file entry.cif (mmCIF, C-alpha atoms (C1' of nucleotides))
data_target
#
loop_
_atom_site.group_PDB
_atom_site.id
_atom_site.type_symbol
_atom_site.label_atom_id
_atom_site.label_comp_id
_atom_site.auth_asym_id
_atom_site.auth_seq_id
_atom_site.Cartn_x
_atom_site.Cartn_y
_atom_site.Cartn_z
ATOM 1 C CA MET A 1 119.011 89.300 45.501
ATOM 2 C CA THR A 2 117.682 89.722 48.972
ATOM 3 C CA LYS A 3 119.650 92.250 50.886
ATOM 4 C CA GLU A 4 121.670 90.731 53.682
ATOM 5 C CA ARG A 5 120.663 91.911 57.110
ATOM 6 C CA PRO A 6 123.567 92.857 59.331
ATOM 7 C CA ALA A 7 121.991 90.814 62.030
ATOM 8 C CA MET A 8 124.856 90.613 64.452
ATOM 9 C CA THR A 9 126.775 93.832 64.611
ATOM 10 C CA LYS A 10 129.796 94.543 66.739
ATOM 11 C CA LEU A 11 127.734 96.278 69.400
ATOM 12 C CA ARG A 12 125.128 93.575 69.481
ATOM 13 C CA SER A 13 127.655 90.842 69.989
ATOM 14 C CA LEU A 14 129.420 92.969 72.567
ATOM 15 C CA ILE A 15 126.275 93.201 74.649
ATOM 16 C CA LEU A 16 125.418 89.580 74.155
ATOM 17 C CA ASP A 17 128.943 88.718 75.322
ATOM 18 C CA VAL A 18 128.471 90.769 78.461
ATOM 19 C CA LEU A 19 125.386 88.746 79.263
ATOM 20 C CA VAL A 20 126.907 85.410 78.361
ATOM 21 C CA GLU A 21 129.950 86.088 80.508
ATOM 22 C CA ALA A 22 127.865 87.236 83.441
ATOM 23 C CA LYS A 23 126.015 83.923 83.604
ATOM 24 C CA GLU A 24 123.294 85.686 85.555
ATOM 25 C CA PRO A 25 120.805 88.472 84.919
ATOM 26 C CA VAL A 26 122.320 91.921 84.441
ATOM 27 C CA LYS A 27 120.548 95.256 84.601
ATOM 28 C CA ALA A 28 120.550 97.527 81.593
ATOM 29 C CA TYR A 29 122.638 100.259 83.167
ATOM 30 C CA ASP A 30 125.146 97.690 84.404
ATOM 31 C CA ILE A 31 125.422 96.415 80.850
ATOM 32 C CA LEU A 32 126.018 100.004 79.801
ATOM 33 C CA GLU A 33 128.852 100.363 82.299
ATOM 34 C CA ALA A 34 130.382 97.052 81.261
ATOM 35 C CA ALA A 35 130.319 98.140 77.641
ATOM 36 C CA ARG A 36 131.935 101.454 78.510
ATOM 37 C CA ARG A 37 134.644 99.712 80.500
ATOM 38 C CA LYS A 38 135.405 97.777 77.342
ATOM 39 C CA GLY A 39 135.921 101.069 75.558
ATOM 40 C CA PHE A 40 132.614 101.572 73.773
ATOM 41 C CA LYS A 41 131.065 105.023 74.021
ATOM 42 C CA ILE A 42 127.402 104.164 74.024
ATOM 43 C CA THR A 43 124.303 105.371 75.827
ATOM 44 C CA ALA A 44 121.331 103.791 77.537
ATOM 45 C CA ALA A 45 119.184 104.161 74.444
ATOM 46 C CA THR A 46 121.589 102.013 72.474
ATOM 47 C CA VAL A 47 121.640 99.369 75.159
ATOM 48 C CA TYR A 48 117.867 99.148 75.241
ATOM 49 C CA ARG A 49 117.617 99.050 71.479
ATOM 50 C CA ILE A 50 120.074 96.211 71.337
ATOM 51 C CA LEU A 51 118.367 94.357 74.155
ATOM 52 C CA ASP A 52 115.100 94.619 72.240
ATOM 53 C CA TYR A 53 116.785 93.179 69.201
ATOM 54 C CA LEU A 54 118.410 90.344 71.115
ATOM 55 C CA GLU A 55 115.214 89.522 72.923
ATOM 56 C CA SER A 56 113.131 89.441 69.785
ATOM 57 C CA ASN A 57 115.673 87.070 68.292
ATOM 58 C CA ALA A 58 115.479 84.787 71.307
ATOM 59 C CA LEU A 59 119.068 85.351 72.325
ATOM 60 C CA VAL A 60 118.217 87.112 75.542
ATOM 61 C CA HIS A 61 115.388 86.905 78.044
ATOM 62 C CA ARG A 62 114.008 89.710 80.088
ATOM 63 C CA VAL A 63 113.469 88.913 83.740
ATOM 64 C CA SER A 64 110.642 91.310 84.458
ATOM 65 C CA SER A 65 110.411 90.916 88.169
ATOM 66 C CA ILE A 66 113.974 92.099 88.697
ATOM 67 C CA ASN A 67 114.298 94.424 85.692
ATOM 68 C CA ALA A 68 117.198 92.523 84.282
ATOM 69 C CA PHE A 69 118.284 90.582 81.241
ATOM 70 C CA MET A 70 120.007 87.262 80.833
ATOM 71 C CA ALA A 71 121.538 85.403 77.922
ATOM 72 C CA CYS A 72 119.553 82.484 76.689
ATOM 73 C CA LEU A 73 121.607 79.363 77.176
ATOM 74 C CA ASN A 74 119.976 77.347 74.424
ATOM 75 C CA SER A 75 119.556 79.894 71.734
ATOM 76 C CA GLU A 76 120.323 77.408 68.950
ATOM 77 C CA ILE A 77 117.393 75.167 69.650
ATOM 78 C CA GLU A 78 113.804 76.171 69.571
ATOM 79 C CA HIS A 79 112.942 76.810 73.152
ATOM 80 C CA GLN A 80 110.179 77.914 75.450
ATOM 81 C CA PRO A 81 111.629 79.757 78.344
ATOM 82 C CA LEU A 82 110.630 79.094 81.899
ATOM 83 C CA ILE A 83 112.428 81.603 84.069
ATOM 84 C CA VAL A 84 112.678 80.759 87.740
ATOM 85 C CA VAL A 85 113.574 83.595 90.113
ATOM 86 C CA CYS A 86 114.126 83.788 93.841
ATOM 87 C CA GLN A 87 112.517 87.030 94.900
ATOM 88 C CA ARG A 88 114.912 87.503 97.780
ATOM 89 C CA CYS A 89 118.409 86.632 96.537
ATOM 90 C CA ARG A 90 117.460 87.083 92.870
ATOM 91 C CA LYS A 91 119.132 83.887 91.787
ATOM 92 C CA THR A 92 117.668 83.110 88.402
ATOM 93 C CA THR A 93 117.609 79.936 86.373
ATOM 94 C CA GLU A 94 116.397 79.262 82.899
ATOM 95 C CA LEU A 95 114.600 76.001 82.623
ATOM 96 C CA ASN A 96 114.018 74.247 79.328
ATOM 97 C CA ASP A 97 111.328 71.749 80.075
ATOM 98 C CA SER A 98 109.099 71.508 77.090
ATOM 99 C CA GLY A 99 106.799 69.062 78.851
ATOM 100 C CA LEU A 100 106.045 71.464 81.649
ATOM 101 C CA TYR A 101 105.825 74.338 79.223
ATOM 102 C CA LEU A 102 103.312 72.522 77.051
ATOM 103 C CA SER A 103 101.227 71.426 79.993
ATOM 104 C CA ILE A 104 100.895 75.041 81.087
ATOM 105 C CA PHE A 105 99.768 76.285 77.697
ATOM 106 C CA GLU A 106 97.486 73.330 77.080
ATOM 107 C CA ARG A 107 95.805 73.963 80.380
ATOM 108 C CA LEU A 108 95.302 77.593 79.423
ATOM 109 C CA ASN A 109 93.692 76.483 76.210
ATOM 110 C CA GLU A 110 91.319 74.206 78.103
ATOM 111 C CA LEU A 111 90.320 77.192 80.168
ATOM 112 C CA GLY A 112 89.652 79.326 77.139
ATOM 113 C CA LEU A 113 92.723 81.419 77.807
ATOM 114 C CA SER A 114 94.757 80.501 74.847
ATOM 115 C CA LEU A 115 98.051 82.273 74.513
ATOM 116 C CA THR A 116 100.758 81.677 71.996
ATOM 117 C CA ALA A 117 104.479 82.254 71.860
ATOM 118 C CA GLY A 118 104.843 82.980 75.508
ATOM 119 C CA SER A 119 107.324 82.987 78.290
ATOM 120 C CA VAL A 120 106.744 81.995 81.870
ATOM 121 C CA GLU A 121 108.296 83.614 84.908
ATOM 122 C CA ILE A 122 108.035 81.732 88.159
ATOM 123 C CA ARG A 123 108.793 83.565 91.387
ATOM 124 C CA GLY A 124 109.218 82.330 94.867
ATOM 125 C CA LEU A 125 111.823 81.800 97.541
ATOM 126 C CA CYS A 126 114.696 79.402 97.063
ATOM 127 C CA PRO A 127 115.361 76.972 99.912
ATOM 128 C CA SER A 128 118.115 78.963 101.558
ATOM 129 C CA CYS A 129 116.131 82.176 101.449
ATOM 130 C CA GLN A 130 113.127 80.328 102.770
ATOM 131 C CA ASP A 131 115.186 79.057 105.700
ATOM 132 C CA SER A 132 116.524 82.465 106.562
ATOM 133 C CA VAL A 133 113.111 84.066 106.923
ATOM 134 C CA MET B 1 96.625 91.862 125.512
ATOM 135 C CA THR B 2 98.170 91.770 122.140
ATOM 136 C CA LYS B 3 98.041 95.096 120.488
ATOM 137 C CA GLU B 4 95.578 95.268 117.644
ATOM 138 C CA ARG B 5 97.141 96.049 114.311
ATOM 139 C CA PRO B 6 95.336 98.689 112.258
ATOM 140 C CA ALA B 7 95.555 96.440 109.295
ATOM 141 C CA MET B 8 93.142 98.167 106.982
ATOM 142 C CA THR B 9 93.370 101.896 107.210
ATOM 143 C CA LYS B 10 91.332 104.389 105.283
ATOM 144 C CA LEU B 11 94.052 104.922 102.691
ATOM 145 C CA ARG B 12 94.694 101.232 102.271
ATOM 146 C CA SER B 13 91.088 100.477 101.607
ATOM 147 C CA LEU B 14 90.878 103.463 99.292
ATOM 148 C CA ILE B 15 93.636 102.093 97.136
ATOM 149 C CA LEU B 16 92.296 98.583 97.258
ATOM 150 C CA ASP B 17 88.930 99.979 96.157
ATOM 151 C CA VAL B 18 90.525 101.694 93.198
ATOM 152 C CA LEU B 19 91.953 98.365 92.089
ATOM 153 C CA VAL B 20 88.794 96.402 92.738
ATOM 154 C CA GLU B 21 86.702 98.888 90.785
ATOM 155 C CA ALA B 22 89.126 98.927 87.895
ATOM 156 C CA LYS B 23 88.794 95.170 87.343
ATOM 157 C CA GLU B 24 92.078 95.279 85.474
ATOM 158 C CA PRO B 25 95.678 96.117 86.264
ATOM 159 C CA VAL B 26 96.374 99.748 87.106
ATOM 160 C CA LYS B 27 99.717 101.510 87.173
ATOM 161 C CA ALA B 28 100.947 103.074 90.377
ATOM 162 C CA TYR B 29 100.794 106.647 89.133
ATOM 163 C CA ASP B 30 97.305 106.066 87.778
ATOM 164 C CA ILE B 31 96.287 104.834 91.208
ATOM 165 C CA LEU B 32 97.807 108.021 92.587
ATOM 166 C CA GLU B 33 95.707 110.130 90.263
ATOM 167 C CA ALA B 34 92.564 108.190 91.048
ATOM 168 C CA ALA B 35 93.157 108.706 94.751
ATOM 169 C CA ARG B 36 93.726 112.415 94.255
ATOM 170 C CA ARG B 37 90.539 112.691 92.217
ATOM 171 C CA LYS B 38 88.768 111.237 95.220
ATOM 172 C CA GLY B 39 90.156 114.062 97.316
ATOM 173 C CA PHE B 40 93.140 112.439 99.001
ATOM 174 C CA LYS B 41 96.377 114.416 99.018
ATOM 175 C CA ILE B 42 98.889 111.642 98.783
ATOM 176 C CA THR B 43 102.171 111.067 96.981
ATOM 177 C CA ALA B 44 103.757 108.261 95.014
ATOM 178 C CA ALA B 45 105.664 107.064 98.051
ATOM 179 C CA THR B 46 102.421 106.468 99.900
ATOM 180 C CA VAL B 47 100.958 104.583 96.982
ATOM 181 C CA TYR B 48 103.945 102.279 96.737
ATOM 182 C CA ARG B 49 104.009 101.691 100.477
ATOM 183 C CA ILE B 50 100.386 100.734 100.447
ATOM 184 C CA LEU B 51 100.803 98.520 97.408
ATOM 185 C CA ASP B 52 103.602 96.704 99.221
ATOM 186 C CA TYR B 53 101.334 96.195 102.166
ATOM 187 C CA LEU B 54 98.440 94.967 100.065
ATOM 188 C CA GLU B 55 100.661 92.663 98.084
ATOM 189 C CA SER B 56 102.263 91.121 101.128
ATOM 190 C CA ASN B 57 98.784 90.478 102.479
ATOM 191 C CA ALA B 58 97.717 88.779 99.265
ATOM 192 C CA LEU B 59 95.087 91.364 98.439
ATOM 193 C CA VAL B 60 96.867 92.625 95.363
ATOM 194 C CA HIS B 61 99.136 91.112 92.756
ATOM 195 C CA ARG B 62 101.896 92.845 90.928
ATOM 196 C CA VAL B 63 101.971 92.225 87.198
ATOM 197 C CA SER B 64 105.694 92.684 86.620
ATOM 198 C CA SER B 65 105.742 92.582 82.891
ATOM 199 C CA ILE B 66 103.472 95.598 82.589
ATOM 200 C CA ASN B 67 104.454 97.398 85.804
ATOM 201 C CA ALA B 68 100.933 97.341 87.136
ATOM 202 C CA PHE B 69 98.893 96.067 90.025
ATOM 203 C CA MET B 70 95.587 94.268 90.195
ATOM 204 C CA ALA B 71 93.214 93.330 92.980
ATOM 205 C CA CYS B 72 93.174 89.690 93.842
ATOM 206 C CA LEU B 73 89.726 88.345 93.167
ATOM 207 C CA ASN B 74 89.878 85.504 95.652
ATOM 208 C CA SER B 75 91.598 87.090 98.557
ATOM 209 C CA GLU B 76 89.512 85.225 101.129
ATOM 210 C CA ILE B 77 90.646 81.807 100.114
ATOM 211 C CA GLU B 78 94.163 80.577 100.138
ATOM 212 C CA HIS B 79 95.310 81.021 96.609
ATOM 213 C CA GLN B 80 98.259 80.546 94.325
ATOM 214 C CA PRO B 81 98.221 83.160 91.686
ATOM 215 C CA LEU B 82 98.744 82.405 88.047
ATOM 216 C CA ILE B 83 98.738 85.677 86.181
ATOM 217 C CA VAL B 84 98.145 85.469 82.459
ATOM 218 C CA VAL B 85 99.059 88.513 80.378
ATOM 219 C CA CYS B 86 98.809 89.334 76.715
ATOM 220 C CA GLN B 87 101.988 91.215 75.913
ATOM 221 C CA ARG B 88 100.360 93.190 73.170
ATOM 222 C CA CYS B 89 96.938 94.314 74.440
ATOM 223 C CA ARG B 90 97.873 93.827 78.108
ATOM 224 C CA LYS B 91 94.662 92.029 78.932
ATOM 225 C CA THR B 92 95.350 90.268 82.181
ATOM 226 C CA THR B 93 93.566 87.428 83.903
ATOM 227 C CA GLU B 94 94.113 85.874 87.265
ATOM 228 C CA LEU B 95 93.757 82.161 87.168
ATOM 229 C CA ASN B 96 93.171 80.085 90.272
ATOM 230 C CA ASP B 97 94.005 76.596 89.202
ATOM 231 C CA SER B 98 95.633 74.867 92.094
ATOM 232 C CA GLY B 99 96.198 71.725 90.018
ATOM 233 C CA LEU B 100 98.277 73.555 87.455
ATOM 234 C CA TYR B 101 99.994 75.563 90.131
ATOM 235 C CA LEU B 102 100.989 72.461 92.045
ATOM 236 C CA SER B 103 102.185 70.671 88.956
ATOM 237 C CA ILE B 104 104.516 73.561 88.214
ATOM 238 C CA PHE B 105 106.039 73.650 91.654
ATOM 239 C CA GLU B 106 106.268 69.873 91.936
ATOM 240 C CA ARG B 107 108.116 69.774 88.660
ATOM 241 C CA LEU B 108 110.526 72.406 89.944
ATOM 242 C CA ASN B 109 111.143 70.280 93.003
ATOM 243 C CA GLU B 110 111.893 67.264 90.859
ATOM 244 C CA LEU B 111 114.458 69.352 89.044
ATOM 245 C CA GLY B 112 116.123 70.459 92.263
ATOM 246 C CA LEU B 113 114.749 73.963 91.841
ATOM 247 C CA SER B 114 112.444 74.074 94.762
ATOM 248 C CA LEU B 115 110.709 77.345 95.330
ATOM 249 C CA THR B 116 108.064 78.129 97.871
ATOM 250 C CA ALA B 117 105.320 80.681 98.166
ATOM 251 C CA GLY B 118 105.519 81.798 94.612
ATOM 252 C CA SER B 119 103.562 83.426 91.901
ATOM 253 C CA VAL B 120 103.597 82.619 88.227
ATOM 254 C CA GLU B 121 103.315 85.101 85.410
ATOM 255 C CA ILE B 122 102.556 83.719 81.995
ATOM 256 C CA ARG B 123 103.040 85.951 78.970
ATOM 257 C CA GLY B 124 102.061 85.510 75.397
ATOM 258 C CA LEU B 125 99.698 86.752 72.772
ATOM 259 C CA CYS B 126 95.966 86.359 73.113
ATOM 260 C CA PRO B 127 94.103 85.010 70.073
ATOM 261 C CA SER B 128 92.973 88.345 68.709
ATOM 262 C CA CYS B 129 96.419 89.865 69.053
ATOM 263 C CA GLN B 130 97.901 86.779 67.475
ATOM 264 C CA ASP B 131 95.555 87.173 64.522
ATOM 265 C CA SER B 132 96.386 90.802 64.017
ATOM 266 C CA VAL B 133 100.120 90.252 63.703
ATOM 267 C "C1'" DT C 1 92.290 110.692 130.563
ATOM 268 C "C1'" DT C 2 96.225 110.992 128.999
ATOM 269 C "C1'" DA C 3 101.005 109.575 128.365
ATOM 270 C "C1'" DG C 4 103.716 106.885 125.614
ATOM 271 C "C1'" DC C 5 104.727 103.766 121.986
ATOM 272 C "C1'" DG C 6 105.017 101.865 117.401
ATOM 273 C "C1'" DA C 7 102.879 101.901 112.967
ATOM 274 C "C1'" DA C 8 101.232 104.721 109.293
ATOM 275 C "C1'" DT C 9 101.509 108.618 106.612
ATOM 276 C "C1'" DG C 10 103.407 113.255 105.007
ATOM 277 C "C1'" DA C 11 106.891 115.668 102.610
ATOM 278 C "C1'" DT C 12 110.746 116.014 99.862
ATOM 279 C "C1'" DA C 13 114.276 114.528 97.192
ATOM 280 C "C1'" DT C 14 116.377 111.513 94.283
ATOM 281 C "C1'" DA C 15 117.487 107.009 92.340
ATOM 282 C "C1'" DT C 16 116.430 103.808 88.781
ATOM 283 C "C1'" DC C 17 114.472 102.204 84.504
ATOM 284 C "C1'" DA C 18 113.039 103.139 79.726
ATOM 285 C "C1'" DT C 19 111.774 105.592 75.435
ATOM 286 C "C1'" DA C 20 111.107 109.501 71.958
ATOM 287 C "C1'" DT C 21 113.157 112.161 68.524
ATOM 288 C "C1'" DC C 22 116.103 113.701 65.113
ATOM 289 C "C1'" DA C 23 120.837 113.522 63.223
ATOM 290 C "C1'" DT C 24 124.543 110.797 61.454
ATOM 291 C "C1'" DT C 25 127.021 106.717 59.991
ATOM 292 C "C1'" DA C 26 127.787 102.109 58.064
ATOM 293 C "C1'" DG C 27 127.183 98.499 54.844
ATOM 294 C "C1'" DA C 28 124.980 96.007 51.052
ATOM 295 C "C1'" DA C 29 122.879 96.243 46.366
ATOM 296 C "C1'" DT C 30 123.095 98.161 42.111
ATOM 297 C "C1'" DA D 1 130.356 105.680 43.327
ATOM 298 C "C1'" DT D 2 125.466 106.143 44.489
ATOM 299 C "C1'" DT D 3 121.653 105.098 46.891
ATOM 300 C "C1'" DC D 4 118.911 102.939 50.208
ATOM 301 C "C1'" DT D 5 117.916 101.115 54.669
ATOM 302 C "C1'" DA D 6 119.226 99.647 59.130
ATOM 303 C "C1'" DA D 7 122.043 100.803 62.940
ATOM 304 C "C1'" DT D 8 123.877 103.892 65.990
ATOM 305 C "C1'" DG D 9 124.836 108.620 68.105
ATOM 306 C "C1'" DA D 10 123.236 112.371 70.800
ATOM 307 C "C1'" DT D 11 120.165 114.556 73.665
ATOM 308 C "C1'" DA D 12 116.310 115.054 76.290
ATOM 309 C "C1'" DT D 13 112.764 113.529 78.942
ATOM 310 C "C1'" DG D 14 109.241 110.359 80.582
ATOM 311 C "C1'" DA D 15 108.008 106.623 83.725
ATOM 312 C "C1'" DT D 16 108.754 103.805 87.674
ATOM 313 C "C1'" DA D 17 110.294 103.294 92.416
ATOM 314 C "C1'" DT D 18 112.658 104.123 96.867
ATOM 315 C "C1'" DA D 19 115.267 106.587 100.711
ATOM 316 C "C1'" DT D 20 115.016 109.570 104.481
ATOM 317 C "C1'" DC D 21 113.379 112.154 108.134
ATOM 318 C "C1'" DA D 22 109.365 114.492 110.193
ATOM 319 C "C1'" DT D 23 104.752 114.200 111.846
ATOM 320 C "C1'" DT D 24 100.406 112.149 113.020
ATOM 321 C "C1'" DC D 25 97.356 108.411 114.287
ATOM 322 C "C1'" DG D 26 95.535 104.856 117.071
ATOM 323 C "C1'" DC D 27 96.102 101.545 120.432
ATOM 324 C "C1'" DT D 28 97.666 100.213 125.227
ATOM 325 C "C1'" DA D 29 98.466 100.737 129.809
ATOM 326 C "C1'" DA D 30 98.680 103.358 133.773
#
call {"tool": "encode", "arguments": {"input": "entry.cif", "output": "structure tokens"}}
result
Amino acid sequence: MTKERPAMTKLRSLILDVLVEAKEPVKAYDILEAARRKGFKITAATVYRILDYLESNALVHRVSSINAFMACLNSEIEHQPLIVVCQRCRKTTELNDSGLYLSIFERLNELGLSLTAGSVEIRGLCPSCQDSV
Amino acid sequence: MTKERPAMTKLRSLILDVLVEAKEPVKAYDILEAARRKGFKITAATVYRILDYLESNALVHRVSSINAFMACLNSEIEHQPLIVVCQRCRKTTELNDSGLYLSIFERLNELGLSLTAGSVEIRGLCPSCQDSV
DNA sequence: TTAGCGAATGATATATCATATCATTAGAAT
DNA sequence: ATTCTAATGATATGATATATCATTCGCTAA
């Protein structure tokens, strides 16, 4: 028999819960503090390991431009993340628009820049931040 | 008379030169070392300050997903950067495709997610890295 | 020409983000 | 129960980035 993988351990679901409850991107050391407040004695290394696991299983997305992590809202379905970030207020939205996603990657292919299995992070200023400049 | 701004100082053009010569993204501390090899006694703080300046003047792009910086190849013309990065080999290309760029931002507007003045970072695996998996 | 001003840089310290390494524990297969 | 592997613990350190205050530079105006 194939050995069962303990895919979702207690710690992994703890950290995923933190992100799901936050409903917005959370930084790794803030996740660490949240986990400790819930009584778990873990360290940064554990948090990063678990984030790597969750990300590679498409349960969590990294938001590179703000060094944070957010739960994927549609983790059941196959999805191609488009992450939209306001660079000023940091409000972040995950967009699941497979048409837009495909048009981006098809265009890259036309240009000889084929990439597979990617994510897209779109940065700019949201309307209210734009107004307040 | 309006006071002239010393927009491009010796250090700023030094660091821009480092990036132009590299023809690929360079990390901040590698820029620091390159500058020191050229005889300039500067620190990380100076490098980051100058990178901020160059980025806000559209001479340099930050590549968030690899914590690096690259010279903009078309800094004379108005441009909308699309940065394409292989997450495995880190090969990075700047794409100036205003049609694709506009279609992305128009689609965001349709979805009520208007953003202005943005950059787009597209991550995936390039063909050779895809093959070697 | 030089006095004065604001921008740029120097200098130092420290905050923030992330990983390497080796030891130990937990859980499934046999 | 034993054994094997994946997960986590524990510790240290590496890598990335910014805050703060002092000093210098370069332009402007007198």
call {"tool": "interface_residues", "arguments": {"input": "entry.cif", "of": "chain A", "to": "chain B", "cutoff": "9 Å", "atoms": "all atoms listed in the file", "output": "number ranges by chain"}}
result
A: 63-67, 84-87, 93, 100, 103-104, 107-108, 113-127, 130
call {"tool": "resolve_selection", "arguments": {"input": "entry.cif", "expression": "the PyMOL selection byres ((chain D) within 8 of (chain B))", "output": "VMD selection string"}}
result
chain D and resid 16 to 18 26 to 28
call {"tool": "resolve_selection", "arguments": {"input": "entry.cif", "expression": "the PyMOL selection byres ((chain C) within 9 of (chain B))", "output": "PyMOL selection string"}}
result
chain C and resi 7-11
call {"tool": "residues_around", "arguments": {"input": "entry.cif", "residues": "DA15 (chain D)", "least_positions_apart": "6", "cutoff": "10 Å", "atoms": "only C-alpha atoms (C1' of nucleotides)", "output": "JSON, numbers by chain"}}
result
{"B": [29], "C": [17, 18, 19]}
call {"tool": "resolve_selection", "arguments": {"input": "entry.cif", "expression": "the PyMOL selection byres ((chain B and resi 35) around 12)", "output": "list in words"}}
result
Lys10, Leu11, Arg12, Ser13, Leu14, Ile15, Leu16, Asp17, Val18, Leu19, Ala28, Tyr29, Asp30, Ile31, Leu32, Glu33, Ala34, Arg36, Arg37, Lys38, Gly39, Phe40, Lys41, Ile42, Thr43, Ala44, Thr46 and Val47 of chain B
call {"tool": "atom_distance", "arguments": {"input": "entry.cif", "atom1": "C1' of DA26 (chain C)", "atom2": "CA of Ser56 (chain A)"}}
result
22.6 Å
